[in-house]
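Remarks on the structure that follows.
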Amino acid sequence: MNSASLAFLGEAFLSCDVPRMREYLGRVEPGVLPTPELSAALDAAEDLEREYVRLFVSPTGAVCPPWQSSGGAEPRLMGEPHHSALKWFWSEGFQPSAANEPADHIGLLLLFAAHLLAHDAAQDRFRAFADDHLAWVPSFCDTLAAEARHPFYRLLARLTQEKVRALASLRS
C-alpha cells in the first residue's frame with residue numbers, strides 16, 4: 001500500500017484547493033491511482049468548491065458529514081472518536097496541518113493512516129487504529145458516491161473505498 005495515495009485522498013477530503021491536490025497527486029507513484037482520471041476530474045474545478053461545501057461543510061446541513069462522530073449512535077461533533085483520534089495522533093507525534101478540524105475528520109484519519117504506513121508502524125498497531133477509526137469509511141463512501149454531483153467526488157468515494165478495503169486485507 002502506498003502511503004502517498006492515502007495522503008492524497010486525505011488532503012482531498014480536507015480541502016478543495018486544486019493546486020494543493022495536484023501537488024499531493026504528484027507524489028503518488030505511477031499506477032497506484034488513476035492519475036489521468038483524477039486530473040480530468042480536477043480540470044472541472046469550476047464547481048468543485050460549491051460541491052465541497054454542499055457535501056462536507058454546509059451550515060444548513062452537510063450532505064456527507066466527514067466526521068466519524070457524526071455517524072455514531074449519538075451524533076455529535078467532538079465526540080469520543082475525536083478524542084480517541086487525538087490520543088492516536090499524540091502517541092505518534094503526528095501534527096495535522098488542519099489544526100482547526102476535529103481529529104475524527106476522514107481526511108485527518110486518512111493522513112494519519114498514511115503516516116503510520118510511511119513510518120512502518122507495527123501491524124498490530126496499524127490494525128488497532130484502522131479498527132477504531134477506518135471501519136466507518138466504506139459506508140461513508142457509499143453515501144458520498146450516491147450524493148456527489150461532481151465527478152471528482154464520485155471518483156474520490158470509489159478510490160477511498162477501494163484503498164480502505166485494501167488496507168483491511170493487509171491487516172488480516
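Residue numbers start at 1 in each chain; chains themselves are named A, B, ... in the order of the C-alpha cells; ligands are numbered from 1 in the order shown.
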Please, which residues in segment 40-130 of chain A fall within 12 Å of segment 149-152 of chain A when counting only C-alpha atoms, and what is the closest atom pair and distance in Å to one decimal for each, ordered by chain then residue number, as CSV?
residue,atom,partner,partner_atom,distance
A:Ala40,CA,A:Phe152,CA,8.5
A:Ala41,CA,A:Phe152,CA,4.8
A:Leu42,CA,A:Phe152,CA,6.4
A:Asp43,CA,A:Phe152,CA,9.3
A:Ala44,CA,A:Phe152,CA,8.1
A:Ala45,CA,A:Phe152,CA,8.8
A:Glu46,CA,A:His150,CA,10.1
A:Asp47,CA,A:His150,CA,7.4
A:Leu48,CA,A:His150,CA,6.9
A:Glu49,CA,A:His150,CA,10.1
A:Arg50,CA,A:His150,CA,9.6
A:Glu51,CA,A:His150,CA,6.7
A:Tyr52,CA,A:His150,CA,9.1
A:Val53,CA,A:His150,CA,11.9
A:Arg54,CA,A:Arg149,CA,9.9
A:Leu55,CA,A:Arg149,CA,9.3
A:Val63,CA,A:Arg149,CA,11.4
Please produce a file of the residues just selected, as an mmCIF file, in the first residue's frame, where the atoms kept are N, CA, C and O atoms.
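The result, written out as part-v6.cif:
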data_model
loop_
_atom_site.group_PDB
_atom_site.id
_atom_site.type_symbol
_atom_site.label_atom_id
_atom_site.label_comp_id
_atom_site.auth_asym_id
_atom_site.auth_seq_id
_atom_site.Cartn_x
_atom_site.Cartn_y
_atom_site.Cartn_z
ATOM 1 N N ALA A 40 -8.370 14.831 -14.880
ATOM 2 C CA ALA A 40 -9.502 15.289 -15.688
ATOM 3 C C ALA A 40 -10.640 15.769 -14.794
ATOM 4 O O ALA A 40 -11.270 16.793 -15.064
ATOM 5 N N ALA A 41 -10.899 15.050 -13.707
ATOM 6 C CA ALA A 41 -11.960 15.462 -12.780
ATOM 7 C C ALA A 41 -11.605 16.786 -12.111
ATOM 8 O O ALA A 41 -12.468 17.629 -11.882
ATOM 9 N N LEU A 42 -10.321 16.981 -11.796
ATOM 10 C CA LEU A 42 -9.885 18.251 -11.202
ATOM 11 C C LEU A 42 -9.950 19.391 -12.201
ATOM 12 O O LEU A 42 -10.117 20.546 -11.821
ATOM 13 N N ASP A 43 -9.836 19.086 -13.483
ATOM 14 C CA ASP A 43 -9.949 20.121 -14.507
ATOM 15 C C ASP A 43 -11.337 20.748 -14.516
ATOM 16 O O ASP A 43 -11.501 21.896 -14.908
ATOM 17 N N ALA A 44 -12.322 19.990 -14.052
ATOM 18 C CA ALA A 44 -13.689 20.508 -13.953
ATOM 19 C C ALA A 44 -13.856 21.201 -12.601
ATOM 20 O O ALA A 44 -14.824 20.980 -11.872
ATOM 21 N N ALA A 45 -12.902 22.053 -12.268
ATOM 22 C CA ALA A 45 -12.825 22.644 -10.930
ATOM 23 C C ALA A 45 -13.810 23.778 -10.693
ATOM 24 O O ALA A 45 -13.981 24.216 -9.558
ATOM 25 N N GLU A 46 -14.499 24.244 -11.741
ATOM 26 C CA GLU A 46 -15.362 25.415 -11.568
ATOM 27 C C GLU A 46 -16.447 25.204 -10.505
ATOM 28 O O GLU A 46 -16.812 26.124 -9.801
ATOM 29 N N ASP A 47 -16.941 23.979 -10.376
ATOM 30 C CA ASP A 47 -17.980 23.717 -9.382
ATOM 31 C C ASP A 47 -17.464 22.943 -8.179
ATOM 32 O O ASP A 47 -18.250 22.561 -7.317
ATOM 33 N N LEU A 48 -16.166 22.706 -8.137
ATOM 34 C CA LEU A 48 -15.589 21.882 -7.082
ATOM 35 C C LEU A 48 -15.819 22.470 -5.690
ATOM 36 O O LEU A 48 -16.247 21.761 -4.777
ATOM 37 N N GLU A 49 -15.576 23.760 -5.531
ATOM 38 C CA GLU A 49 -15.727 24.381 -4.213
ATOM 39 C C GLU A 49 -17.183 24.356 -3.740
ATOM 40 O O GLU A 49 -17.469 24.030 -2.597
ATOM 41 N N ARG A 50 -18.092 24.676 -4.634
ATOM 42 C CA ARG A 50 -19.510 24.648 -4.278
ATOM 43 C C ARG A 50 -19.943 23.236 -3.847
ATOM 44 O O ARG A 50 -20.644 23.057 -2.864
ATOM 45 N N GLU A 51 -19.476 22.236 -4.586
ATOM 46 C CA GLU A 51 -19.819 20.859 -4.252
ATOM 47 C C GLU A 51 -19.166 20.435 -2.942
ATOM 48 O O GLU A 51 -19.775 19.757 -2.127
ATOM 49 N N TYR A 52 -17.933 20.868 -2.717
ATOM 50 C CA TYR A 52 -17.241 20.568 -1.460
ATOM 51 C C TYR A 52 -18.054 21.094 -0.266
ATOM 52 O O TYR A 52 -18.290 20.381 0.706
ATOM 53 N N VAL A 53 -18.475 22.335 -0.376
ATOM 54 C CA VAL A 53 -19.261 22.941 0.705
ATOM 55 C C VAL A 53 -20.582 22.203 0.891
ATOM 56 O O VAL A 53 -20.966 21.871 2.009
ATOM 57 N N ARG A 54 -21.274 21.917 -0.198
ATOM 58 C CA ARG A 54 -22.568 21.219 -0.109
ATOM 59 C C ARG A 54 -22.412 19.844 0.539
ATOM 60 O O ARG A 54 -23.190 19.469 1.409
ATOM 61 N N LEU A 55 -21.376 19.130 0.161
ATOM 62 C CA LEU A 55 -21.190 17.778 0.680
ATOM 63 C C LEU A 55 -20.693 17.748 2.117
ATOM 64 O O LEU A 55 -21.176 16.945 2.925
ATOM 65 N N VAL A 63 -24.396 17.288 3.463
ATOM 66 C CA VAL A 63 -24.988 16.055 2.952
ATOM 67 C C VAL A 63 -24.204 14.838 3.431
ATOM 68 O O VAL A 63 -24.777 13.799 3.737
#
Who sits within 7 Å of His133 of chain A, only C-alpha atoms, same chain under 3 positions skipped, as a list of chain:residue names: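 Returned residues: A:Leu109, A:Phe129, A:Ala130.
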Would you mind listing what lies within 12 Å of Ser169 of chain A as a list of chain:residue names, with only C-alpha atoms counted and same-chain residues fewer than 6 positions away left out?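 Returned residues: A:Met1, A:Gln123, A:Arg127, A:Ala130, A:Glu162, A:Lys163.
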Write out as a PyMOL selection string each polymer residue whose atoms come within 12 Å of Thr160 of chain A, counting only C-alpha atoms; drop sequence neighbours fewer than 2 positions from it. chain A and resi 5-13+33+106-107+109-110+134+136-142+144-145+152-158+162-167
Considering only strand (DSSP E or B) as DSSP defines it on the backbone, what residues of segment 3-160 of chain A qualify? List them as a PyMOL selection string. chain A and resi 30+33+67+105
Just want the 9 Å neighbourhood of Ala85 of chain A, counted on only C-alpha atoms, with same-chain residues fewer than 4 positions away dropped. Output as a ChimeraX atom specification. /A:80-81,89-90,103-104,109,129,132-133
If you run DSSP on the backbone, which residues of chain A are alpha helix (DSSP H), as a PyMOL selection string? chain A and resi 3-14+18-26+35-43+48-52+80-91+106-118+123-133+137-147+151-171
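The protein and nucleic acid residues lying at most 12 Å from Ala128 of chain A are Ser84, Ala85, Trp88, Ala113, Leu116, Ala121, Ala122, Gln123, Asp124, Arg125, Asp131, Asp132, His133, Leu134, Ala135, Ala168, Arg171 and Ser172 of chain A, with only C-alpha atoms considered and sequence neighbours fewer than 3 positions away removed.
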Record the distance separating atom CA of Cys64 of chain A and atom CA of Asn2 of chain A, expressed in Å with one decimal. 26.1 Å
Please determine, counting only C-alpha atoms, which residue among A:Val28, A:Leu38, A:Ala4, A:Leu14 has the shortest atom-to-atom distance to Glu101 of chain A. A:Leu14
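The closest residue to Glu29 of chain A, picked from A:Asp17, A:Leu86, A:Ser3, A:Glu147 and counting only C-alpha atoms, is A:Ser3.
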